[in-house]
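Below is one structure, written out as structure tokens; comments come after it.
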Amino acid sequence: MDGLALKAGGVYVDATLGLAGHAAAAAAHLGSDGLLIGIDQDDMALERAAERLESAQEGEGPEVLLLKGNFGQLDELLLEADIPGIDAILFDLGVSSPQIDNPSRGFSFKEDAPLDMRMDPSTQTITAAEIINTTNAADLARIIRANSDEKWASRIAQFIVDARKTAPLTTSAQLVDVIKAAIPASARRSGGHPAKRTFQALRMEVNQERAVLERGLDAAIRWLLPGGRICVISYHSGEDRIVKETFAAFANRCTCPPDLPVCACGRCPMLEVLTRKPLCATQVEVERNPRARSAKLRIARRL
């Protein structure tokens, strides 16, 4: 909330609404003249968020506008809603806790379920099962490595290809067994669950999360009004790298040669980066909420 610097009467966008935890906290700062826009592609999340925000307002909260879609569609969503500009926007990346905790969605490596992992099953057709059963070993290794920094990516990919020769891999339990077999026992003793990174990588590939993030960040920065804030919470080094590089690109837009005494390109900076290094959860917060362990927050202000 400090990073967003919300003000009464402002326009705030929660680009990853989920169950409206952040949005409910933001509503208290916006007042009855403010506008809270929540975006999510999950129908269940939108329904439950609407209930939470309605009960949290108690007649004194801001106007609430919930939009179905993902933040890669930010331009289209805000244009359709006829929004002239925004004062603050938050991205809380990755999969939401309700999606992880619902075994039928196939996001979790702790529950046996069909390998789905689609954030919006009503519009998406490609599932995690289709990817692991049709992609060659080289491309599977690339997907796993790029989306999770898994050091055993090539070995895991080859084990998946070998396993599916006998029968297609269709459930999370089957995939977990293959991953455990691929990673040497000595490497499985540390670093958390051995399937964690591969499941993350497949989820990101199914939902094209890196490309969506790049589009969403670009749009969000353009929609910010002068002085507006953008906050992004990421959980993976690849995502954090995209955020860091995007902020830097908008903060250093000049393309003139370094030795040119005066800027001639006219590409003025659009952002001031307020976090030289990402802010991370404290040990107390991690103990209270273990899923915050890998969270990194970056903040920037529109010039």
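In the structure tokens, each chain is lettered A, B, ... as it comes, each chain's residues begin at 1, and ligands are numbered from 1 in order of appearance.
Look at range 174-181 of chain A: the protein and nucleic acid residues within 8 Å of it, using only C-alpha atoms and passing over chain neighbours fewer than 2 places away, are Phe109, Ile156, Phe159, Ile160, Ala163, Leu169, Thr170, Thr171, Ser172, Ile183, Pro184, Arg188, Pro194 and Ala195 of chain A.
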Keeping only N, CA and C atoms, write the selected residues as an mmCIF file, in the first residue's frame.
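File part-v3.cif, as written:
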data_model
loop_
_atom_site.group_PDB
_atom_site.id
_atom_site.type_symbol
_atom_site.label_atom_id
_atom_site.label_comp_id
_atom_site.auth_asym_id
_atom_site.auth_seq_id
_atom_site.Cartn_x
_atom_site.Cartn_y
_atom_site.Cartn_z
ATOM 1 N N PHE A 109 1.515 -29.856 -7.442
ATOM 2 C CA PHE A 109 2.235 -31.126 -7.520
ATOM 3 C C PHE A 109 1.959 -31.971 -6.275
ATOM 4 N N ILE A 156 15.065 -34.055 -17.107
ATOM 5 C CA ILE A 156 13.633 -34.208 -16.869
ATOM 6 C C ILE A 156 12.888 -34.352 -18.192
ATOM 7 N N PHE A 159 13.378 -37.835 -19.622
ATOM 8 C CA PHE A 159 12.619 -38.832 -18.859
ATOM 9 C C PHE A 159 11.131 -38.755 -19.199
ATOM 10 N N ILE A 160 10.608 -37.559 -19.422
ATOM 11 C CA ILE A 160 9.199 -37.404 -19.809
ATOM 12 C C ILE A 160 8.953 -38.054 -21.166
ATOM 13 N N ALA A 163 9.030 -41.800 -20.802
ATOM 14 C CA ALA A 163 7.882 -42.334 -20.066
ATOM 15 C C ALA A 163 6.623 -42.368 -20.913
ATOM 16 N N LEU A 169 1.211 -39.243 -20.318
ATOM 17 C CA LEU A 169 1.196 -38.734 -18.941
ATOM 18 C C LEU A 169 0.011 -37.777 -18.830
ATOM 19 N N THR A 170 -0.969 -38.129 -18.018
ATOM 20 C CA THR A 170 -2.198 -37.338 -17.952
ATOM 21 C C THR A 170 -2.506 -36.770 -16.576
ATOM 22 N N THR A 171 -1.797 -37.215 -15.540
ATOM 23 C CA THR A 171 -2.087 -36.730 -14.197
ATOM 24 C C THR A 171 -0.834 -36.155 -13.535
ATOM 25 N N SER A 172 -1.068 -35.316 -12.536
ATOM 26 C CA SER A 172 0.051 -34.693 -11.837
ATOM 27 C C SER A 172 0.890 -35.729 -11.096
ATOM 28 N N ILE A 183 15.589 -36.628 -11.356
ATOM 29 C CA ILE A 183 16.510 -35.842 -10.531
ATOM 30 C C ILE A 183 17.250 -36.778 -9.572
ATOM 31 N N PRO A 184 18.562 -36.745 -9.556
ATOM 32 C CA PRO A 184 19.334 -37.616 -8.672
ATOM 33 C C PRO A 184 18.926 -37.435 -7.211
ATOM 34 N N ARG A 188 17.648 -34.152 -4.665
ATOM 35 C CA ARG A 188 16.276 -34.055 -4.165
ATOM 36 C C ARG A 188 16.223 -33.753 -2.670
ATOM 37 N N PRO A 194 10.910 -31.616 -5.505
ATOM 38 C CA PRO A 194 11.629 -31.713 -6.784
ATOM 39 C C PRO A 194 10.792 -31.336 -7.998
ATOM 40 N N ALA A 195 9.465 -31.404 -7.896
ATOM 41 C CA ALA A 195 8.614 -31.098 -9.052
ATOM 42 C C ALA A 195 8.214 -29.632 -9.111
#
Just list as an MDAnalysis selection string whatever in range 162-202 of chain A DSSP marks as alpha helix (DSSP H). chainID A and resid 162:163 172:182 185:188 196:202
Residue selection dump (C-alpha atoms) as a tab-separated table (two decimals), in the first residue's frame:
chain	number	residue	atom	x	y	z
A	162	ASP	CA	10.79	-41.86	-22.50
A	163	ALA	CA	7.88	-42.33	-20.07
A	172	SER	CA	0.05	-34.69	-11.84
A	173	ALA	CA	1.03	-37.78	-9.84
A	174	GLN	CA	2.40	-39.46	-12.97
A	175	LEU	CA	4.44	-36.40	-13.83
A	176	VAL	CA	5.76	-36.05	-10.28
A	177	ASP	CA	6.98	-39.66	-10.36
A	178	VAL	CA	8.83	-39.05	-13.63
A	179	ILE	CA	10.45	-35.88	-12.30
A	180	LYS	CA	11.57	-37.62	-9.11
A	181	ALA	CA	13.11	-40.40	-11.17
A	182	ALA	CA	14.94	-37.87	-13.35
A	185	ALA	CA	18.57	-38.50	-5.06
A	186	SER	CA	21.32	-36.23	-3.76
A	187	ALA	CA	19.74	-33.23	-5.50
A	188	ARG	CA	16.28	-34.05	-4.16
A	196	LYS	CA	8.09	-27.48	-7.99
A	197	ARG	CA	10.09	-25.84	-10.79
A	198	THR	CA	8.81	-28.07	-13.59
A	199	PHE	CA	5.18	-27.50	-12.61
A	200	GLN	CA	5.82	-23.76	-12.52
A	201	ALA	CA	7.43	-23.89	-15.95
A	202	LEU	CA	4.52	-25.80	-17.48
What's the separation between CA of Pro62 in chain A and CA of Asp43 in chain A, in Å to one decimal place? 22.0 Å
What does the structure give for the distance between CA of Ala45 in chain A and CA of Met204 in chain A, in Å to one decimal? 18.9 Å
DSSP on the backbone: what in range 111-229 of chain A comes out strand (DSSP E), as a list in words?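 Here are the strand (DSSP E) residues of range 111-229 of chain A: Leu224, Leu225, Pro226, Gly227, Gly228 and Arg229 of chain A.
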Quick one: residues within 8 Å of range 275-279 of chain A, only C-alpha atoms, excluding same-chain residues fewer than 5 positions away - as a compact mmCIF listing (two decimals) with N, CA and C atoms, in the first residue's frame?
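Below is the file that was written, result-v8.txt:
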# COMPACT_ATOMS: atom_id res chain seq x y z
N LYS A 296 9.10 -10.91 -4.69
CA LYS A 296 9.95 -9.72 -4.87
C LYS A 296 9.07 -8.59 -5.40
N LEU A 297 9.15 -7.44 -4.73
CA LEU A 297 8.33 -6.29 -5.09
C LEU A 297 9.19 -5.18 -5.69
N ARG A 298 8.81 -4.73 -6.88
CA ARG A 298 9.46 -3.58 -7.50
C ARG A 298 8.43 -2.47 -7.71
N ILE A 299 8.86 -1.22 -7.54
CA ILE A 299 7.96 -0.07 -7.60
C ILE A 299 8.56 1.01 -8.49
N ALA A 300 7.70 1.65 -9.28
CA ALA A 300 8.15 2.76 -10.12
C ALA A 300 7.07 3.83 -10.16
Write out as a list in words each polymer residue whose atoms come within 6 Å of range 15-20 of chain A, counting only C-alpha atoms; drop sequence neighbours fewer than 6 positions from it.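 So the residues in contact are Gly38, Ile39, Asp40, Ala45, Ala49, Phe71, Leu90, Phe91 and Asp92 of chain A.
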Å distance separating CA of Asn289 in chain A from CA of Cys231 in chain A, one decimal place: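 Interatomic distance here is 19.9 Å.
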Choose the residue, out of A:Gly9, A:Glu60, A:Met1, A:Asn207, that has the smallest atom-to-atom separation from Thr125 in chain A; count only C-alpha atoms. A:Asn207
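With only C-alpha atoms as the atoms that count, the residue of A:Asp120, A:Asp259, A:Asp218, A:Glu272 with the shortest distance to Asp42 in chain A is A:Asp120.
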Just the residues within 8 Å of Val161 in chain A, please, counting only C-alpha atoms, with nothing from its chain fewer than 2 positions along; format it as a tab-separated table (two decimals) with N, CA and C atoms, in the first residue's frame.
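Output file selection05.tsv follows:
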chain	number	residue	atom	x	y	z
A	132	ILE	N	3.30	-31.77	-22.52
A	132	ILE	CA	4.29	-32.78	-22.16
A	132	ILE	C	4.17	-34.04	-23.01
A	133	ASN	N	3.02	-34.25	-23.66
A	133	ASN	CA	2.85	-35.46	-24.47
A	133	ASN	C	3.10	-35.25	-25.96
A	136	ASN	N	8.80	-32.18	-28.28
A	136	ASN	CA	10.02	-32.97	-28.30
A	136	ASN	C	10.92	-32.62	-27.12
A	137	ALA	N	11.92	-33.45	-26.88
A	137	ALA	CA	12.75	-33.32	-25.69
A	137	ALA	C	13.48	-31.98	-25.63
A	157	ALA	N	13.25	-33.53	-19.17
A	157	ALA	CA	12.58	-33.59	-20.48
A	157	ALA	C	12.76	-34.97	-21.13
A	158	GLN	N	13.96	-35.50	-21.05
A	158	GLN	CA	14.21	-36.81	-21.66
A	158	GLN	C	13.44	-37.91	-20.94
A	159	PHE	N	13.38	-37.83	-19.62
A	159	PHE	CA	12.62	-38.83	-18.86
A	159	PHE	C	11.13	-38.76	-19.20
A	163	ALA	N	9.03	-41.80	-20.80
A	163	ALA	CA	7.88	-42.33	-20.07
A	163	ALA	C	6.62	-42.37	-20.91
A	164	ARG	N	6.44	-41.35	-21.74
A	164	ARG	CA	5.21	-41.28	-22.53
A	164	ARG	C	5.19	-42.27	-23.69
A	165	LYS	N	6.31	-42.93	-23.95
A	165	LYS	CA	6.32	-43.97	-24.98
A	165	LYS	C	5.47	-45.16	-24.55
